[in-house]
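Written below as structure tokens is the structure these notes are about.
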Amino acid sequence: MARLTIGDVPDDVHDVLTERAARLGLSLESYVRTMLIDLAQRPDPPAPTARSDRAVPAGATLDAATILALRDADRR
């Protein structure tokens, strides 16, 4: 397994993470490892332009009602 060292962590952030780990009965290293594994397993969110490229073909002309409908559909 790889090792990871993170420097320049603000003291207040270190304190909060240490407290959270202790509440769960974990070491700081175990707690942060779990958080990193969880983060790495999440899919990357699509780039905003990728979503808009799928919704509207290049060069398309849209009226206000269509724009609002696309916006609302993206919020669902």
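Starting from 1 in every chain, residues are counted up; chains themselves are A, B, ... following the order of the structure tokens, and ligands are numbered from 1 as listed.
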
Enumerate the residues of chain A with a DSSP assignment of alpha helix (DSSP H), computed from the backbone, and present them as a PyMOL selection string. chain A and resi 11-23+28-41+48-55+64-74

Surrounding residues of A:Arg20 excluding itself and chain neighbours under 6 positions, 12 Å, only C-alpha atoms, as a PDB file with N, CA, C and O atoms, in the first residue's frame:
```pdb
ATOM      1  N   VAL A  13      -8.280  22.420  11.963  1.00  0.00           N
ATOM      2  CA  VAL A  13      -8.765  21.284  11.175  1.00  0.00           C
ATOM      3  C   VAL A  13      -8.250  19.979  11.778  1.00  0.00           C
ATOM      4  O   VAL A  13      -8.997  19.009  11.934  1.00  0.00           O
ATOM      5  N   HIS A  14      -6.982  19.958  12.145  1.00  0.00           N
ATOM      6  CA  HIS A  14      -6.390  18.779  12.775  1.00  0.00           C
ATOM      7  C   HIS A  14      -7.142  18.434  14.062  1.00  0.00           C
ATOM      8  O   HIS A  14      -7.452  17.266  14.316  1.00  0.00           O
ATOM      9  N   LEU A  26     -11.448   5.626  16.762  1.00  0.00           N
ATOM     10  CA  LEU A  26     -10.448   5.407  15.726  1.00  0.00           C
ATOM     11  C   LEU A  26      -9.243   6.310  15.932  1.00  0.00           C
ATOM     12  O   LEU A  26      -9.357   7.374  16.541  1.00  0.00           O
ATOM     13  N   SER A  27      -8.120   5.894  15.380  1.00  0.00           N
ATOM     14  CA  SER A  27      -6.972   6.787  15.330  1.00  0.00           C
ATOM     15  C   SER A  27      -7.240   7.822  14.239  1.00  0.00           C
ATOM     16  O   SER A  27      -8.085   7.611  13.348  1.00  0.00           O
ATOM     17  N   LEU A  28      -6.527   8.918  14.287  1.00  0.00           N
ATOM     18  CA  LEU A  28      -6.673   9.930  13.250  1.00  0.00           C
ATOM     19  C   LEU A  28      -6.340   9.331  11.885  1.00  0.00           C
ATOM     20  O   LEU A  28      -7.041   9.566  10.901  1.00  0.00           O
ATOM     21  N   GLU A  29      -5.300   8.531  11.819  1.00  0.00           N
ATOM     22  CA  GLU A  29      -4.896   7.907  10.558  1.00  0.00           C
ATOM     23  C   GLU A  29      -6.011   7.020  10.001  1.00  0.00           C
ATOM     24  O   GLU A  29      -6.335   7.097   8.810  1.00  0.00           O
ATOM     25  N   SER A  30      -6.611   6.197  10.838  1.00  0.00           N
ATOM     26  CA  SER A  30      -7.699   5.320  10.385  1.00  0.00           C
ATOM     27  C   SER A  30      -8.909   6.125   9.929  1.00  0.00           C
ATOM     28  O   SER A  30      -9.545   5.795   8.919  1.00  0.00           O
ATOM     29  N   TYR A  31      -9.221   7.162  10.664  1.00  0.00           N
ATOM     30  CA  TYR A  31     -10.374   7.999  10.327  1.00  0.00           C
ATOM     31  C   TYR A  31     -10.180   8.671   8.967  1.00  0.00           C
ATOM     32  O   TYR A  31     -11.058   8.615   8.102  1.00  0.00           O
ATOM     33  N   VAL A  32      -9.022   9.281   8.764  1.00  0.00           N
ATOM     34  CA  VAL A  32      -8.762   9.982   7.506  1.00  0.00           C
ATOM     35  C   VAL A  32      -8.659   8.977   6.355  1.00  0.00           C
ATOM     36  O   VAL A  32      -9.139   9.231   5.261  1.00  0.00           O
ATOM     37  N   MET A  35     -12.114   8.190   5.276  1.00  0.00           N
ATOM     38  CA  MET A  35     -12.681   9.310   4.518  1.00  0.00           C
ATOM     39  C   MET A  35     -12.127   9.346   3.093  1.00  0.00           C
ATOM     40  O   MET A  35     -12.873   9.590   2.133  1.00  0.00           O
TER      41      MET A  35
END
```

When you draw a straight line from atom CA of A:Ala21 to atom CA of A:Thr34, how long is it in Å?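 About the pair atom CA of A:Ala21 and atom CA of A:Thr34: they are 10.3 Å apart.
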
d(atom CA of A:Ala2, atom CA of A:Gly25) in Å: 23.9 Å

Which value, in Å to one decimal, gives the distance between atom CA of A:Ile37 and atom CA of A:Arg3? 13.3 Å
